[in-house]
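S.K.: Submitted below is the structure of interest, expressed as structure tokens.
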Amino acid sequence: MSPAEYVLTLSCPDRPGVVAAVSGLLAGHGCNIIESQQFGDRDEQRFFMRVQFAAPLTEDELRAAFAALAADLGMEFELRDTARKPRVLIMVSKFDHCLNDLLYRVRKKSLDIEIAAVVSNHPDLRPLTQSYGIDYHHLPVTPQTKRRQEAEVLTLVEHYQVDLVVLARYMQVLSEDLCAKLAGRAINIHHSFLPSFKGAKPYHQAHNRGVKLIGATAHYVTSDLDEGPIIEQEVARVNHSHAPEDLAAIGRDVECVTLARAVRWHAEQRVLLDGHKTIVFPR
């Protein structure tokens with residue numbers, strides 16, 4: 001029987017010997033390091049590290065071993081067995097491109113997550129979701145019912161034991177309370193024109209201004225609208241020959257790719273929060 005594989009992520013005050021301490025602990029317990037990446041933030045004097053390794057120990061034994069080291073180094077750490085797929089709840093409104101892309105990537109095993117359920121404030125995407133055998137919850141929302149609707153969302157997060165919530169073009173602003181309860185485990189996607197071209201038909205607005213680049217941003221959700229720590233961004237070059245509909249089509253493709261990368265990197269524990277920004281250790 002092959003040893004289990006784990007991913008360890010950590011941050012601590014930057015000081016000499018952190019890498020040696022971590023690798024020494026792993027070697028001392030018979031673990032084999034498969035991948036290791038680290039970064040020292042000189043401005044904040046903080047050290048970040050991601051290690052993937054095979055171990056003959058149980059998760060509880062590893063946690064106990066690292067707890068002692070964490071106390072010595074002032075370290076915050078997370079440990080995950082790679083055999084356990086992160087469980088994801090997707091929230092969506094009427095735009096289907098990001099949802100469809102994520103569903104397809106999971107089916108083709110290019111995205112190693114488990115989509116537990118889909119929530120929408122509209123019924124439109126129920127057939128698409130259920131064609132993949134995934135539960136669909138229609139939770140309408142109005143200003144008067146927003147608090148109750150968000151309480152139902154949290155109930156579903158608990159019921160499905162959700163690790164990550166993905167706003168795949170969910171066209172509602174989450175309350176400050178819900179943002180706080182999902183801190184560090186909710187990802188949003190939007191076009192990268194912000195703060196320009198806010199509101200309706202951003203691609204038509206961009207076309208009228210003759211933009212030459214369009215893009216998308218995936219970030220963690222915070223109470224500061226569309227200003228959470230950025231995980232990934234992508235751009236595509238356009239020109240005067242592209243109609244607004246062309247820009248929107250290109251934008252949809254860019255949004256899909258950007259969101260999928262962000263979800264993958266989060267699921268693989270390749271994203272570490274560093275204040276208002278992120279440290280990303282991609283493959």
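Starting from 1 in every chain, residues are counted up; chains themselves are A, B, ... following the order of the structure tokens, and ligands are numbered from 1 as listed.
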Taking the DSSP secondary structure from the backbone, can you list the residues of region 65-173 of chain A that are helix (DSSP H, G or I), as JSON, numbers by chain?
M.R.: {"A": [65, 66, 67, 68, 69, 70, 71, 72, 73, 97, 98, 99, 100, 101, 102, 103, 104, 105, 106, 107, 126, 127, 128, 129, 130, 146, 147, 148, 149, 150, 151, 152, 153, 154, 155, 156, 157, 158, 159]}
S.K.: What are the closest atom pairs, with distances in Å to one decimal, for all residues of region 77-166 of chain A lying within 8 Å of region 180-191 of chain A? Consider only C-alpha atoms, order rows by chain and residue number, and present the result as JSON lines.
M.R.:
{"residue": "A:Asp163", "atom": "CA", "partner": "A:Arg185", "partner_atom": "CA", "distance": 6.7}
{"residue": "A:Leu164", "atom": "CA", "partner": "A:Arg185", "partner_atom": "CA", "distance": 4.8}
{"residue": "A:Val165", "atom": "CA", "partner": "A:Ala186", "partner_atom": "CA", "distance": 4.5}
{"residue": "A:Val166", "atom": "CA", "partner": "A:Ile187", "partner_atom": "CA", "distance": 5.0}
S.K.: Restricted to N, CA, C and O atoms, what would the selected residues look like written as a PDB file, in the first residue's frame?
M.R.:
ATOM      1  N   ASP A 163     -16.176  23.140   1.337  1.00  0.00           N
ATOM      2  CA  ASP A 163     -14.867  23.738   1.615  1.00  0.00           C
ATOM      3  C   ASP A 163     -14.689  25.073   0.905  1.00  0.00           C
ATOM      4  O   ASP A 163     -13.951  25.943   1.385  1.00  0.00           O
ATOM      5  N   LEU A 164     -15.328  25.234  -0.255  1.00  0.00           N
ATOM      6  CA  LEU A 164     -15.137  26.424  -1.082  1.00  0.00           C
ATOM      7  C   LEU A 164     -16.445  26.804  -1.757  1.00  0.00           C
ATOM      8  O   LEU A 164     -17.150  25.942  -2.288  1.00  0.00           O
ATOM      9  N   VAL A 165     -16.744  28.100  -1.755  1.00  0.00           N
ATOM     10  CA  VAL A 165     -17.894  28.639  -2.485  1.00  0.00           C
ATOM     11  C   VAL A 165     -17.356  29.417  -3.677  1.00  0.00           C
ATOM     12  O   VAL A 165     -16.456  30.249  -3.530  1.00  0.00           O
ATOM     13  N   VAL A 166     -17.886  29.133  -4.866  1.00  0.00           N
ATOM     14  CA  VAL A 166     -17.435  29.799  -6.090  1.00  0.00           C
ATOM     15  C   VAL A 166     -18.586  30.616  -6.661  1.00  0.00           C
ATOM     16  O   VAL A 166     -19.646  30.062  -6.974  1.00  0.00           O
TER      17      VAL A 166
END
S.K.: Using only C-alpha atoms, which protein or nucleic acid residues come within 10 Å of region 56-61 of chain A? Drop anything in the same chain fewer than 4 positions from it, and give the result as a PDB file with N, CA and C atoms, in the first residue's frame.
M.R.:
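Output file selection.pdb follows:
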ATOM      1  N   SER A   2       0.635   2.156  -0.927  1.00  0.00           N
ATOM      2  CA  SER A   2       1.437   3.362  -1.037  1.00  0.00           C
ATOM      3  C   SER A   2       1.150   4.298   0.133  1.00  0.00           C
ATOM      4  N   PRO A   3       2.172   5.033   0.586  1.00  0.00           N
ATOM      5  CA  PRO A   3       1.930   5.997   1.664  1.00  0.00           C
ATOM      6  C   PRO A   3       1.014   7.112   1.200  1.00  0.00           C
ATOM      7  N   ALA A   4       0.283   7.694   2.138  1.00  0.00           N
ATOM      8  CA  ALA A   4      -0.620   8.803   1.810  1.00  0.00           C
ATOM      9  C   ALA A   4       0.183  10.044   1.447  1.00  0.00           C
ATOM     10  N   GLU A   5      -0.415  10.892   0.599  1.00  0.00           N
ATOM     11  CA  GLU A   5       0.221  12.156   0.248  1.00  0.00           C
ATOM     12  C   GLU A   5      -0.530  13.300   0.911  1.00  0.00           C
ATOM     13  N   TYR A   6       0.232  14.279   1.356  1.00  0.00           N
ATOM     14  CA  TYR A   6      -0.332  15.442   2.039  1.00  0.00           C
ATOM     15  C   TYR A   6       0.240  16.722   1.444  1.00  0.00           C
ATOM     16  N   HIS A  29      10.438  11.761  10.323  1.00  0.00           N
ATOM     17  CA  HIS A  29       9.261  10.891  10.425  1.00  0.00           C
ATOM     18  C   HIS A  29       9.108  10.003   9.189  1.00  0.00           C
ATOM     19  N   GLY A  30      10.153   9.900   8.389  1.00  0.00           N
ATOM     20  CA  GLY A  30      10.127   8.991   7.236  1.00  0.00           C
ATOM     21  C   GLY A  30       9.317   9.483   6.065  1.00  0.00           C
ATOM     22  N   CYS A  31       9.134  10.809   5.962  1.00  0.00           N
ATOM     23  CA  CYS A  31       8.344  11.377   4.857  1.00  0.00           C
ATOM     24  C   CYS A  31       9.255  11.692   3.671  1.00  0.00           C
ATOM     25  N   ASN A  32       8.668  11.658   2.479  1.00  0.00           N
ATOM     26  CA  ASN A  32       9.410  11.953   1.253  1.00  0.00           C
ATOM     27  C   ASN A  32       8.806  13.183   0.586  1.00  0.00           C
ATOM     28  N   ALA A  65       2.740  16.454  15.276  1.00  0.00           N
ATOM     29  CA  ALA A  65       4.162  16.739  15.081  1.00  0.00           C
ATOM     30  C   ALA A  65       4.373  18.202  14.692  1.00  0.00           C
ATOM     31  N   PHE A  66       3.538  18.714  13.794  1.00  0.00           N
ATOM     32  CA  PHE A  66       3.713  20.094  13.342  1.00  0.00           C
ATOM     33  C   PHE A  66       3.222  21.105  14.368  1.00  0.00           C
ATOM     34  N   ALA A  67       2.307  20.698  15.231  1.00  0.00           N
ATOM     35  CA  ALA A  67       1.826  21.625  16.256  1.00  0.00           C
ATOM     36  C   ALA A  67       2.968  22.060  17.162  1.00  0.00           C
ATOM     37  N   LEU A  79      -2.935  21.513   6.868  1.00  0.00           N
ATOM     38  CA  LEU A  79      -2.509  20.209   6.363  1.00  0.00           C
ATOM     39  C   LEU A  79      -3.716  19.523   5.741  1.00  0.00           C
ATOM     40  N   ARG A  80      -3.527  18.965   4.532  1.00  0.00           N
ATOM     41  CA  ARG A  80      -4.639  18.281   3.856  1.00  0.00           C
ATOM     42  C   ARG A  80      -4.157  17.015   3.184  1.00  0.00           C
ATOM     43  N   ASP A  81      -4.936  15.974   3.342  1.00  0.00           N
ATOM     44  CA  ASP A  81      -4.708  14.719   2.633  1.00  0.00           C
ATOM     45  C   ASP A  81      -5.153  14.919   1.188  1.00  0.00           C
TER      46      ASP A  81
END
S.K.: Env of Ala243 (chain A): 12 Å cut, atoms = only C-alpha atoms, seq-sep filter 4 positions within chain, self excluded. Answer as a list of chain:residue names.
M.R.: A:Tyr203, A:His204, A:Gln205, A:Ala206, A:His207, A:Asn208, A:Gly210, A:Val211, A:Val238, A:Asn239, A:Leu247, A:Ala248, A:Ala249, A:Ile250
S.K.: Would you export the selected residues with C-alpha atoms as a CSV table (one decimal), in the first residue's frame, please?
M.R.:
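So part-v3.csv came out as:
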chain,number,residue,atom,x,y,z
A,203,TYR,CA,-18.3,45.3,-23.0
A,204,HIS,CA,-20.5,47.8,-24.8
A,205,GLN,CA,-19.0,50.6,-22.7
A,206,ALA,CA,-15.5,49.3,-23.4
A,207,HIS,CA,-16.2,49.1,-27.1
A,208,ASN,CA,-17.3,52.8,-27.1
A,210,GLY,CA,-11.9,51.7,-28.0
A,211,VAL,CA,-10.2,49.5,-25.4
A,238,VAL,CA,-8.6,43.2,-29.0
A,239,ASN,CA,-8.9,45.9,-31.7
A,247,LEU,CA,-15.7,41.5,-26.9
A,248,ALA,CA,-18.3,39.8,-24.7
A,249,ALA,CA,-17.5,36.4,-26.3
A,250,ILE,CA,-13.8,36.8,-25.8
S.K.: Show which residues sit within 6 Å of Pro229 (chain A), as a ChimeraX atom specification. Count only C-alpha atoms, and ignore same-chain residues fewer than 6 positions away.
M.R.: /A:219-220,276-277
S.K.: Tell me, as a PyMOL selection string, which residues lie within 10 Å of Leu178 (chain A), counting only C-alpha atoms; anything in the same chain fewer than 2 positions away does not count.
M.R.: chain A and resi 147+150-151+153-154+174-176+180-183+221-223
S.K.: Give me a file of those residues, with N, CA, C and O atoms, as a PDB file, in the first residue's frame.
M.R.:
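Okay, this is what ended up in part.pdb:
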ATOM      1  N   ARG A 147     -31.526  38.585   3.790  1.00  0.00           N
ATOM      2  CA  ARG A 147     -30.976  37.967   5.003  1.00  0.00           C
ATOM      3  C   ARG A 147     -31.415  36.510   5.117  1.00  0.00           C
ATOM      4  O   ARG A 147     -30.605  35.637   5.435  1.00  0.00           O
ATOM      5  N   GLU A 150     -29.608  34.352   2.413  1.00  0.00           N
ATOM      6  CA  GLU A 150     -28.212  34.071   2.740  1.00  0.00           C
ATOM      7  C   GLU A 150     -28.096  33.078   3.888  1.00  0.00           C
ATOM      8  O   GLU A 150     -27.152  32.276   3.931  1.00  0.00           O
ATOM      9  N   ALA A 151     -29.050  33.093   4.793  1.00  0.00           N
ATOM     10  CA  ALA A 151     -29.060  32.088   5.857  1.00  0.00           C
ATOM     11  C   ALA A 151     -29.269  30.694   5.264  1.00  0.00           C
ATOM     12  O   ALA A 151     -28.660  29.711   5.721  1.00  0.00           O
ATOM     13  N   VAL A 153     -28.278  29.838   2.268  1.00  0.00           N
ATOM     14  CA  VAL A 153     -26.997  29.498   1.637  1.00  0.00           C
ATOM     15  C   VAL A 153     -26.049  28.900   2.662  1.00  0.00           C
ATOM     16  O   VAL A 153     -25.410  27.865   2.420  1.00  0.00           O
ATOM     17  N   LEU A 154     -25.949  29.517   3.838  1.00  0.00           N
ATOM     18  CA  LEU A 154     -25.068  29.002   4.888  1.00  0.00           C
ATOM     19  C   LEU A 154     -25.516  27.627   5.367  1.00  0.00           C
ATOM     20  O   LEU A 154     -24.680  26.770   5.696  1.00  0.00           O
ATOM     21  N   LEU A 174     -22.913  40.004  -1.936  1.00  0.00           N
ATOM     22  CA  LEU A 174     -23.050  39.317  -0.661  1.00  0.00           C
ATOM     23  C   LEU A 174     -22.971  40.321   0.486  1.00  0.00           C
ATOM     24  O   LEU A 174     -22.223  41.295   0.424  1.00  0.00           O
ATOM     25  N   SER A 175     -23.718  40.053   1.535  1.00  0.00           N
ATOM     26  CA  SER A 175     -23.708  40.938   2.694  1.00  0.00           C
ATOM     27  C   SER A 175     -22.364  40.851   3.409  1.00  0.00           C
ATOM     28  O   SER A 175     -21.589  39.898   3.247  1.00  0.00           O
ATOM     29  N   GLU A 176     -22.080  41.857   4.206  1.00  0.00           N
ATOM     30  CA  GLU A 176     -20.839  41.878   4.983  1.00  0.00           C
ATOM     31  C   GLU A 176     -20.765  40.668   5.907  1.00  0.00           C
ATOM     32  O   GLU A 176     -19.704  40.074   6.096  1.00  0.00           O
ATOM     33  N   ALA A 180     -17.913  37.684   5.782  1.00  0.00           N
ATOM     34  CA  ALA A 180     -17.084  37.358   6.942  1.00  0.00           C
ATOM     35  C   ALA A 180     -17.119  35.870   7.240  1.00  0.00           C
ATOM     36  O   ALA A 180     -16.091  35.263   7.572  1.00  0.00           O
ATOM     37  N   LYS A 181     -18.282  35.247   7.111  1.00  0.00           N
ATOM     38  CA  LYS A 181     -18.410  33.822   7.426  1.00  0.00           C
ATOM     39  C   LYS A 181     -17.756  32.946   6.361  1.00  0.00           C
ATOM     40  O   LYS A 181     -17.424  31.788   6.637  1.00  0.00           O
ATOM     41  N   LEU A 182     -17.577  33.481   5.154  1.00  0.00           N
ATOM     42  CA  LEU A 182     -16.937  32.726   4.075  1.00  0.00           C
ATOM     43  C   LEU A 182     -15.513  33.208   3.805  1.00  0.00           C
ATOM     44  O   LEU A 182     -14.934  32.863   2.775  1.00  0.00           O
ATOM     45  N   ALA A 183     -14.945  33.970   4.710  1.00  0.00           N
ATOM     46  CA  ALA A 183     -13.623  34.570   4.497  1.00  0.00           C
ATOM     47  C   ALA A 183     -12.578  33.507   4.169  1.00  0.00           C
ATOM     48  O   ALA A 183     -12.450  32.501   4.875  1.00  0.00           O
ATOM     49  N   VAL A 221     -13.537  36.695  -1.949  1.00  0.00           N
ATOM     50  CA  VAL A 221     -14.649  37.585  -1.649  1.00  0.00           C
ATOM     51  C   VAL A 221     -14.428  38.248  -0.295  1.00  0.00           C
ATOM     52  O   VAL A 221     -14.118  37.581   0.696  1.00  0.00           O
ATOM     53  N   THR A 222     -14.573  39.572  -0.270  1.00  0.00           N
ATOM     54  CA  THR A 222     -14.558  40.327   0.974  1.00  0.00           C
ATOM     55  C   THR A 222     -15.719  41.313   0.943  1.00  0.00           C
ATOM     56  O   THR A 222     -16.406  41.464  -0.068  1.00  0.00           O
ATOM     57  N   SER A 223     -15.902  42.016   2.051  1.00  0.00           N
ATOM     58  CA  SER A 223     -16.986  42.998   2.104  1.00  0.00           C
ATOM     59  C   SER A 223     -16.679  44.223   1.246  1.00  0.00           C
ATOM     60  O   SER A 223     -17.584  45.006   0.943  1.00  0.00           O
TER      61      SER A 223
END
S.K.: Can you check which residues of region 81-134 of chain A DSSP gives as strand (DSSP E) on the backbone and send them as a list in words?
M.R.: Asp81, Arg87, Val88, Leu89, Ile90, Met91, Val92, Glu114, Ile115, Ala116, Ala117, Val118, Val119 and Ser120 of chain A
S.K.: How close does each residue of region 142-236 of chain A get to region 99-103 of chain A, giving the shortest atom pair and distance in Å to one decimal for every residue with an atom at most 10 Å away, counting only C-alpha atoms, sorted by chain and residue number, as a tab-separated table?
M.R.:
residue	atom	partner	partner_atom	distance
A:Val166	CA	A:Leu99	CA	9.4
A:Leu167	CA	A:Leu99	CA	9.2
A:Ala168	CA	A:Leu99	CA	5.9
A:Arg169	CA	A:Leu99	CA	8.3
S.K.: Please provide the set of residues having any atom within 10 Å of Thr82 (chain A), restricted to only C-alpha atoms, with same-chain residues fewer than 3 positions apart removed, written as a PyMOL selection string.
M.R.: chain A and resi 4-7+52-54+79+85-86+112+267-269
S.K.: Store the residues picked out above in a file with N, CA, C and O atoms, as a PDB file, in the first residue's frame.
M.R.:
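Dumped to out18.pdb:
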ATOM      1  N   ALA A   4       0.283   7.694   2.138  1.00  0.00           N
ATOM      2  CA  ALA A   4      -0.620   8.803   1.810  1.00  0.00           C
ATOM      3  C   ALA A   4       0.183  10.044   1.447  1.00  0.00           C
ATOM      4  O   ALA A   4       1.319  10.221   1.900  1.00  0.00           O
ATOM      5  N   GLU A   5      -0.415  10.892   0.599  1.00  0.00           N
ATOM      6  CA  GLU A   5       0.221  12.156   0.248  1.00  0.00           C
ATOM      7  C   GLU A   5      -0.530  13.300   0.911  1.00  0.00           C
ATOM      8  O   GLU A   5      -1.760  13.293   0.998  1.00  0.00           O
ATOM      9  N   TYR A   6       0.232  14.279   1.356  1.00  0.00           N
ATOM     10  CA  TYR A   6      -0.332  15.442   2.039  1.00  0.00           C
ATOM     11  C   TYR A   6       0.240  16.722   1.444  1.00  0.00           C
ATOM     12  O   TYR A   6       1.320  16.717   0.850  1.00  0.00           O
ATOM     13  N   VAL A   7      -0.499  17.809   1.651  1.00  0.00           N
ATOM     14  CA  VAL A   7       0.004  19.141   1.331  1.00  0.00           C
ATOM     15  C   VAL A   7       0.019  19.943   2.623  1.00  0.00           C
ATOM     16  O   VAL A   7      -0.991  20.040   3.331  1.00  0.00           O
ATOM     17  N   GLN A  52       4.481  19.425  -0.594  1.00  0.00           N
ATOM     18  CA  GLN A  52       3.706  18.211  -0.850  1.00  0.00           C
ATOM     19  C   GLN A  52       4.618  17.023  -0.595  1.00  0.00           C
ATOM     20  O   GLN A  52       5.755  16.988  -1.082  1.00  0.00           O
ATOM     21  N   PHE A  53       4.123  16.056   0.161  1.00  0.00           N
ATOM     22  CA  PHE A  53       4.997  14.953   0.572  1.00  0.00           C
ATOM     23  C   PHE A  53       4.199  13.674   0.801  1.00  0.00           C
ATOM     24  O   PHE A  53       2.979  13.700   1.007  1.00  0.00           O
ATOM     25  N   ALA A  54       4.909  12.552   0.725  1.00  0.00           N
ATOM     26  CA  ALA A  54       4.323  11.246   1.054  1.00  0.00           C
ATOM     27  C   ALA A  54       4.757  10.885   2.467  1.00  0.00           C
ATOM     28  O   ALA A  54       5.906  11.123   2.856  1.00  0.00           O
ATOM     29  N   LEU A  79      -2.935  21.513   6.868  1.00  0.00           N
ATOM     30  CA  LEU A  79      -2.509  20.209   6.363  1.00  0.00           C
ATOM     31  C   LEU A  79      -3.716  19.523   5.741  1.00  0.00           C
ATOM     32  O   LEU A  79      -4.805  19.503   6.325  1.00  0.00           O
ATOM     33  N   LYS A  85     -10.959  15.222  -1.987  1.00  0.00           N
ATOM     34  CA  LYS A  85     -11.253  16.322  -2.907  1.00  0.00           C
ATOM     35  C   LYS A  85     -12.011  17.425  -2.175  1.00  0.00           C
ATOM     36  O   LYS A  85     -12.965  17.145  -1.437  1.00  0.00           O
ATOM     37  N   PRO A  86     -11.633  18.678  -2.375  1.00  0.00           N
ATOM     38  CA  PRO A  86     -12.398  19.781  -1.796  1.00  0.00           C
ATOM     39  C   PRO A  86     -13.825  19.790  -2.335  1.00  0.00           C
ATOM     40  O   PRO A  86     -14.059  19.579  -3.522  1.00  0.00           O
ATOM     41  N   ASP A 112      -9.705  18.786 -10.018  1.00  0.00           N
ATOM     42  CA  ASP A 112      -9.858  17.755  -8.993  1.00  0.00           C
ATOM     43  C   ASP A 112     -10.635  18.280  -7.787  1.00  0.00           C
ATOM     44  O   ASP A 112     -10.093  18.448  -6.680  1.00  0.00           O
ATOM     45  N   ALA A 267      -7.848  24.775  -4.619  1.00  0.00           N
ATOM     46  CA  ALA A 267      -8.114  23.380  -4.264  1.00  0.00           C
ATOM     47  C   ALA A 267      -6.829  22.612  -3.973  1.00  0.00           C
ATOM     48  O   ALA A 267      -6.813  21.705  -3.134  1.00  0.00           O
ATOM     49  N   GLU A 268      -5.760  22.968  -4.660  1.00  0.00           N
ATOM     50  CA  GLU A 268      -4.471  22.310  -4.452  1.00  0.00           C
ATOM     51  C   GLU A 268      -3.644  22.992  -3.369  1.00  0.00           C
ATOM     52  O   GLU A 268      -2.473  22.666  -3.177  1.00  0.00           O
ATOM     53  N   GLN A 269      -4.260  23.925  -2.652  1.00  0.00           N
ATOM     54  CA  GLN A 269      -3.604  24.687  -1.577  1.00  0.00           C
ATOM     55  C   GLN A 269      -2.336  25.380  -2.076  1.00  0.00           C
ATOM     56  O   GLN A 269      -1.287  25.358  -1.426  1.00  0.00           O
TER      57      GLN A 269
END
S.K.: Just checking: using only C-alpha atoms, which residue out of A:His266, A:Leu69, A:Arg46, A:Gln172 ends up closest to Phe281 (chain A)?
M.R.: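 With only C-alpha atoms as the atom set, the closest residue is A:His266.
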